[in-house]
file data-v8.cif (mmCIF, C-alpha atoms)
data_input
#
loop_
_atom_site.label_atom_id
_atom_site.label_comp_id
_atom_site.auth_asym_id
_atom_site.auth_seq_id
_atom_site.Cartn_x
_atom_site.Cartn_y
_atom_site.Cartn_z
CA MET A 11 0.00 0.00 0.00
CA GLN A 12 2.79 2.41 0.91
CA ASP A 13 4.50 1.72 -2.40
CA LEU A 14 1.27 2.53 -4.24
CA VAL A 15 0.83 5.81 -2.35
CA ALA A 16 4.46 6.75 -2.99
CA ALA A 17 4.08 5.98 -6.70
CA THR A 18 0.91 8.09 -6.83
CA TYR A 19 2.61 11.09 -5.25
CA LEU A 20 5.62 10.67 -7.52
CA THR A 21 3.40 10.62 -10.60
CA LEU A 22 1.55 13.70 -9.36
CA ALA A 23 4.82 15.52 -8.79
CA ILE A 24 6.10 14.60 -12.24
CA THR A 25 2.96 15.89 -13.95
CA ILE A 26 2.89 19.18 -12.04
CA VAL A 27 6.62 19.95 -11.97
CA GLY A 28 7.04 18.65 -15.52
CA GLY A 29 4.12 20.79 -16.67
CA TYR A 30 5.62 23.88 -15.08
CA LEU A 31 9.06 23.27 -16.58
CA LEU A 32 7.56 22.67 -20.02
CA GLY A 33 5.55 25.87 -19.71
CA SER A 34 8.69 27.76 -18.72
CA ILE A 35 10.39 27.12 -22.07
CA PRO A 36 10.66 30.63 -23.64
CA PHE A 37 10.04 29.79 -27.28
CA GLY A 38 9.86 33.47 -28.25
CA LEU A 39 13.32 34.18 -26.88
CA ILE A 40 14.78 30.98 -28.32
CA ALA A 41 13.25 31.56 -31.77
CA THR A 42 14.41 35.18 -32.07
CA ARG A 43 17.93 34.43 -30.91
CA LEU A 44 18.40 31.39 -33.13
CA GLY A 45 16.67 33.19 -36.00
CA GLY A 46 19.06 36.13 -35.82
CA ALA A 47 16.46 38.66 -34.63
CA GLY A 48 18.21 39.39 -31.35
CA ASP A 49 16.76 39.39 -27.85
CA ILE A 50 12.96 39.74 -28.02
CA ARG A 51 13.02 41.33 -24.58
CA GLN A 52 14.70 44.36 -26.19
CA ILE A 53 12.01 44.72 -28.88
CA GLY A 54 8.62 46.43 -28.61
CA SER A 55 6.94 45.66 -25.30
CA GLY A 56 9.69 43.25 -24.25
CA ASN A 57 7.13 40.45 -24.01
CA ILE A 58 8.26 36.96 -25.07
CA GLY A 59 4.96 36.07 -26.76
CA ALA A 60 4.16 35.74 -30.45
CA THR A 61 2.57 39.20 -30.76
CA ASN A 62 5.78 40.91 -29.73
CA VAL A 63 7.92 38.55 -31.81
CA LEU A 64 5.89 39.72 -34.80
CA ARG A 65 7.16 43.24 -34.11
CA SER A 66 10.64 42.02 -35.05
CA GLY A 67 9.33 41.81 -38.61
CA ARG A 68 9.74 38.03 -38.72
CA LYS A 69 6.41 36.33 -39.31
CA ASP A 70 8.12 32.94 -39.41
CA LEU A 71 9.56 33.41 -35.92
CA ALA A 72 6.20 34.63 -34.64
CA ALA A 73 4.54 31.48 -36.03
CA ILE A 74 7.18 29.28 -34.40
CA THR A 75 6.63 31.08 -31.09
CA LEU A 76 2.87 30.69 -31.32
CA LEU A 77 3.11 26.97 -32.07
CA GLY A 78 5.74 26.44 -29.39
CA ASP A 79 3.82 28.28 -26.68
CA ALA A 80 0.61 26.42 -27.51
CA GLY A 81 2.44 23.14 -27.98
CA LYS A 82 4.04 23.11 -24.56
CA GLY A 83 0.58 23.29 -23.01
CA VAL A 84 -0.51 20.38 -25.18
CA VAL A 85 2.50 18.26 -24.25
CA ALA A 86 2.08 18.94 -20.52
CA VAL A 87 -1.56 17.84 -20.61
CA LEU A 88 -0.90 14.78 -22.78
CA LEU A 89 1.92 13.71 -20.46
CA ALA A 90 -0.41 13.94 -17.48
CA ARG A 91 -3.17 12.10 -19.36
CA TYR A 92 -0.74 9.29 -20.19
CA LEU A 93 0.69 8.97 -16.69
CA ILE A 94 -2.55 9.05 -14.71
CA HIS A 95 -4.94 7.54 -17.26
CA GLY A 96 -7.42 10.37 -17.59
CA ASN A 97 -7.84 11.75 -14.05
CA ALA A 98 -9.44 15.15 -14.69
CA ALA A 99 -8.08 16.80 -11.55
CA VAL A 100 -4.47 15.87 -12.29
CA ILE A 101 -4.85 16.87 -15.95
CA ALA A 102 -6.16 20.26 -14.82
CA LEU A 103 -3.25 20.65 -12.40
CA ALA A 104 -0.72 19.82 -15.11
CA GLY A 105 -2.34 22.24 -17.56
CA GLY A 106 -2.48 24.96 -14.93
CA ALA A 107 1.17 24.34 -14.07
CA ALA A 108 2.20 24.72 -17.72
CA PHE A 109 0.22 27.95 -17.92
CA LEU A 110 1.94 29.26 -14.78
CA GLY A 111 5.29 28.26 -16.24
CA HIS A 112 4.70 30.46 -19.27
CA LEU A 113 3.67 33.42 -17.14
CA PHE A 114 6.45 32.95 -14.58
CA PRO A 115 9.30 30.98 -16.22
CA VAL A 116 12.07 29.93 -13.88
CA TRP A 117 14.61 30.37 -16.71
CA LEU A 118 13.81 34.10 -17.10
CA LYS A 119 13.60 35.13 -13.45
CA PHE A 120 9.83 34.57 -13.52
CA LYS A 121 9.23 37.26 -16.15
CA GLY A 122 7.21 35.58 -18.89
CA GLY A 123 4.44 36.16 -21.37
CA LYS A 124 0.72 36.70 -21.00
CA GLY A 125 -0.32 33.14 -21.63
CA VAL A 126 -2.93 33.32 -24.38
CA ALA A 127 -1.31 30.80 -26.74
CA THR A 128 -0.57 28.41 -23.87
CA PHE A 129 -4.15 28.91 -22.66
CA TYR A 130 -5.46 27.60 -25.99
CA GLY A 131 -2.99 24.73 -26.07
CA VAL A 132 -4.01 23.60 -22.60
CA LEU A 133 -7.73 23.88 -23.34
CA LEU A 134 -7.54 22.06 -26.68
CA SER A 135 -5.72 19.11 -25.14
CA ALA A 136 -7.51 19.01 -21.77
CA CYS A 137 -11.08 19.55 -23.02
CA TRP A 138 -11.12 20.12 -26.76
CA PRO A 139 -14.75 21.32 -27.10
CA VAL A 140 -13.94 24.20 -24.75
CA GLY A 141 -10.72 24.93 -26.64
CA VAL A 142 -12.55 25.00 -29.96
CA ALA A 143 -15.28 27.26 -28.56
CA ALA A 144 -12.69 29.63 -27.07
CA GLY A 145 -10.78 29.71 -30.34
CA ALA A 146 -13.95 30.45 -32.29
CA THR A 147 -14.72 33.25 -29.84
CA TRP A 148 -11.29 34.78 -30.44
CA LEU A 149 -11.74 34.61 -34.20
CA ALA A 150 -15.21 36.16 -34.06
CA MET A 151 -14.16 39.00 -31.76
CA ALA A 152 -11.00 39.66 -33.75
CA PHE A 153 -13.02 39.80 -36.97
CA LEU A 154 -15.61 42.16 -35.49
CA PHE A 155 -13.39 44.53 -33.51
CA ARG A 156 -9.85 43.94 -34.86
CA ILE A 157 -8.40 44.09 -31.33
CA SER A 158 -6.32 41.08 -30.28
CA SER A 159 -6.42 41.72 -26.53
CA LEU A 160 -10.20 42.17 -26.51
CA ALA A 161 -10.61 38.89 -28.39
CA ALA A 162 -8.31 37.08 -25.95
CA LEU A 163 -10.01 38.54 -22.87
CA THR A 164 -13.45 37.59 -24.16
CA ALA A 165 -12.35 34.03 -24.93
CA ALA A 166 -10.78 33.71 -21.47
CA LEU A 167 -13.89 35.11 -19.79
CA LEU A 168 -16.07 32.49 -21.50
CA ALA A 169 -13.78 29.48 -20.90
CA ALA A 170 -15.36 28.39 -17.62
CA PRO A 171 -18.95 28.93 -18.87
CA PHE A 172 -18.08 26.93 -21.98
CA ALA A 173 -16.79 24.11 -19.75
CA LEU A 174 -20.09 24.11 -17.86
CA ALA A 175 -22.10 24.23 -21.07
CA PHE A 176 -20.21 21.24 -22.49
CA ASP A 177 -20.70 19.33 -19.22
CA GLN A 178 -17.00 19.06 -18.50
CA PRO A 179 -15.74 17.80 -15.12
CA TYR A 180 -15.49 20.49 -12.44
CA PRO A 181 -11.66 20.46 -12.47
CA MET A 182 -11.87 21.66 -16.10
CA VAL A 183 -14.25 24.44 -15.08
CA ALA A 184 -11.79 25.44 -12.35
CA LEU A 185 -8.91 25.31 -14.83
CA GLY A 186 -10.73 27.66 -17.22
CA LEU A 187 -11.53 30.06 -14.39
CA PHE A 188 -7.97 29.95 -13.03
CA MET A 189 -6.41 30.77 -16.38
CA ALA A 190 -9.00 33.47 -17.10
CA VAL A 191 -8.24 35.29 -13.84
CA LEU A 192 -4.50 35.28 -14.55
CA ILE A 193 -5.02 36.41 -18.16
CA PHE A 194 -7.07 39.37 -16.94
CA ILE A 195 -4.41 40.25 -14.37
CA ARG A 196 -1.63 40.03 -16.95
CA HIS A 197 -3.64 42.19 -19.35
CA HIS A 198 -4.34 45.02 -16.92
CA GLU A 199 -2.53 47.53 -19.13
CA ASN A 200 -4.48 46.38 -22.18
CA ILE A 201 -7.72 46.69 -20.22
CA ALA A 202 -6.85 50.25 -19.21
CA ARG A 203 -6.22 51.17 -22.86
CA LEU A 204 -9.42 49.44 -23.96
CA LEU A 205 -11.41 51.55 -21.50
CA LYS A 206 -9.75 54.67 -22.92
CA GLY A 207 -10.26 53.56 -26.51
CA GLN A 208 -6.51 53.55 -27.08
CA GLU A 209 -5.81 49.85 -27.66
CA PRO A 210 -4.16 49.35 -31.09
CA LYS A 211 -5.99 47.30 -33.66
CA ILE A 212 -4.70 44.22 -35.45
CA GLY A 213 -2.54 45.16 -38.42
CA LYS A 214 -2.23 48.81 -37.43
CA LYS A 215 1.25 50.13 -38.04
CA LYS A 216 3.02 51.69 -35.12
CA ASP A 217 4.38 55.21 -35.19
CA ALA A 218 8.07 55.82 -35.65
CA ALA A 219 8.89 56.20 -31.96
CA PRO A 220 6.01 54.77 -29.94
CA PRO A 221 6.08 54.04 -26.21
CA PRO A 222 6.38 50.38 -25.20
CA VAL A 223 3.14 48.50 -25.75
CA ALA A 224 1.94 45.50 -23.78
CA ASP A 225 0.53 42.80 -26.04
CA ALA A 226 -1.99 39.98 -25.79
CA PRO A 227 -0.20 36.61 -25.99
#

call {"tool": "encode", "arguments": {"input": "data-v8.cif", "output": "structure tokens"}}
result
Amino acid sequence: MQDLVAATYLTLAITIVGGYLLGSIPFGLIATRLGGAGDIRQIGSGNIGATNVLRSGRKDLAAITLLGDAGKGVVAVLLARYLIHGNAAVIALAGGAAFLGHLFPVWLKFKGGKGVATFYGVLLSACWPVGVAAGATWLAMAFLFRISSLAALTAALLAAPFALAFDQPYPMVALGLFMAVLIFIRHHENIARLLKGQEPKIGKKKDAAPPPVADAP
């Protein structure tokens, strides 16, 4: 019995710590450095997410960052699903840990991105109907208003209600709520600009010498 309990705790630790470490991988920084675009933390807002990588003028590096940031959430959840055979609570913990890793990466002194891409990766792999619904929400809001942060905030706000609507286990509802709260906190500057009507729209060119801008993912 003791061996079984010890194995259970070990598996739980692997899924949570492994999820966090996977989430901490700074794909934006790695892609820009290896791609010859320099240190992304010295460009635009200094954020390591795909939106800021796009400001380097390298769409290919931005795409790599987007896929990497979403993919690490997917891998963390799939690892947990494999190790614990579908336990919803542990899957939610692993996904939440990967999300935290992106926001507060140990490799970058806990200064990470805003988590939107990882949010989608976690949702799509943990409870795909919710991930699809959140993605569709982002696309619809982006099409209507052309504001990336507004689309991301709306999708995050609806994640937990979507989980309830699709009759997902309560740990998945909690996961959606947890990530939504952190996304709103990390987007406080975007929210302030939205309230002032000053948030830049998708595709809008920046002025020659603009102040630093905080981005969505």

call {"tool": "closest_atom_pairs", "arguments": {"input": "data-v8.cif", "of": "segment 69-186 of chain A", "to": "segment 200-213 of chain A", "cutoff": "12 Å", "atoms": "only C-alpha atoms", "output": "tab-separated table"}}
result
residue	atom	partner	partner_atom	distance
A:Lys124	CA	A:Asn200	CA	11.1
A:Leu149	CA	A:Ile212	CA	12.0
A:Met151	CA	A:Ile212	CA	11.4
A:Ala152	CA	A:Ile212	CA	8.0
A:Phe153	CA	A:Ile212	CA	9.5
A:Leu154	CA	A:Lys211	CA	11.1
A:Phe155	CA	A:Lys211	CA	7.9
A:Arg156	CA	A:Ile212	CA	5.2
A:Ile157	CA	A:Lys211	CA	4.6
A:Ser158	CA	A:Ile212	CA	6.3
A:Ser159	CA	A:Asn200	CA	6.7
A:Leu160	CA	A:Leu204	CA	7.7
A:Ala161	CA	A:Ile212	CA	10.6
A:Ala162	CA	A:Asn200	CA	10.7
A:Leu163	CA	A:Ile201	CA	8.9
A:Thr164	CA	A:Ile201	CA	11.5

call {"tool": "resolve_selection", "arguments": {"input": "data-v8.cif", "expression": "the PyMOL selection byres ((chain A and resi 189) around 10)", "output": "list in words"}}
result
Gly105, Gly106, Phe109, Leu110, Gly125, Val126, Thr128, Phe129, Val132, Leu133, Ala166, Leu167, Ala169, Ala170, Ala184, Leu185, Gly186, Leu187, Phe188, Ala190, Val191, Leu192, Ile193, Phe194 and Ile195 of chain A

call {"tool": "closest_residue", "arguments": {"input": "data-v8.cif", "among": "A:Val140, A:Asn97, A:Tyr92, A:Thr42", "to": "Asp70 of chain A", "atoms": "all atoms listed in the file"}}
result
A:Thr42

call {"tool": "resolve_selection", "arguments": {"input": "data-v8.cif", "expression": "the PyMOL selection byres ((chain A and resi 116) around 12)", "output": "PyMOL selection string"}}
result
chain A and resi 27+30-36+108+110-115+117-122

call {"tool": "atom_distance", "arguments": {"input": "data-v8.cif", "atom1": "atom CA of Pro139 of chain A", "atom2": "atom CA of Ala23 of chain A"}}
result
27.4 Å

call {"tool": "build_atoms", "arguments": {"input": "data-v8.cif", "residues": "segment 53-67 of chain A", "atoms": "N, CA, C and O atoms", "output": "compact mmCIF listing (two decimals), in the coordinates of the input"}}
result
# COMPACT_ATOMS: atom_id res chain seq x y z
N ILE A 53 12.82 44.28 -27.74
CA ILE A 53 12.01 44.72 -28.88
C ILE A 53 10.59 45.03 -28.40
O ILE A 53 10.03 44.30 -27.59
N GLY A 54 10.02 46.10 -28.90
CA GLY A 54 8.62 46.43 -28.61
C GLY A 54 8.31 46.49 -27.13
O GLY A 54 8.93 47.24 -26.38
N SER A 55 7.36 45.67 -26.71
CA SER A 55 6.94 45.66 -25.30
C SER A 55 7.90 44.87 -24.42
O SER A 55 7.80 44.92 -23.19
N GLY A 56 8.79 44.09 -25.02
CA GLY A 56 9.69 43.25 -24.25
C GLY A 56 9.07 41.91 -23.88
O GLY A 56 9.72 41.07 -23.25
N ASN A 57 7.82 41.70 -24.30
CA ASN A 57 7.13 40.45 -24.01
C ASN A 57 7.70 39.32 -24.87
O ASN A 57 8.13 39.55 -25.99
N ILE A 58 7.67 38.09 -24.34
CA ILE A 58 8.26 36.96 -25.07
C ILE A 58 7.24 36.22 -25.92
O ILE A 58 7.55 35.20 -26.52
N GLY A 59 6.00 36.74 -26.00
CA GLY A 59 4.96 36.07 -26.76
C GLY A 59 5.01 36.35 -28.25
O GLY A 59 5.78 37.19 -28.73
N ALA A 60 4.15 35.66 -28.99
CA ALA A 60 4.16 35.74 -30.45
C ALA A 60 3.83 37.13 -30.98
O ALA A 60 4.37 37.56 -32.00
N THR A 61 2.94 37.86 -30.29
CA THR A 61 2.57 39.20 -30.76
C THR A 61 3.78 40.12 -30.79
O THR A 61 3.98 40.87 -31.75
N ASN A 62 4.59 40.05 -29.75
CA ASN A 62 5.78 40.91 -29.73
C ASN A 62 6.85 40.40 -30.68
O ASN A 62 7.57 41.20 -31.28
N VAL A 63 6.96 39.09 -30.85
CA VAL A 63 7.92 38.55 -31.81
C VAL A 63 7.58 39.05 -33.21
O VAL A 63 8.47 39.35 -34.02
N LEU A 64 6.31 39.20 -33.50
CA LEU A 64 5.89 39.72 -34.80
C LEU A 64 6.42 41.13 -35.03
O LEU A 64 6.65 41.53 -36.18
N ARG A 65 6.64 41.88 -33.98
CA ARG A 65 7.16 43.24 -34.11
C ARG A 65 8.61 43.25 -34.58
O ARG A 65 9.12 44.30 -34.97
N SER A 66 9.27 42.09 -34.53
CA SER A 66 10.64 42.02 -35.05
C SER A 66 10.63 42.01 -36.57
O SER A 66 11.68 42.12 -37.20
N GLY A 67 9.44 41.87 -37.16
CA GLY A 67 9.33 41.81 -38.61
C GLY A 67 9.46 40.41 -39.17
O GLY A 67 9.42 40.22 -40.39
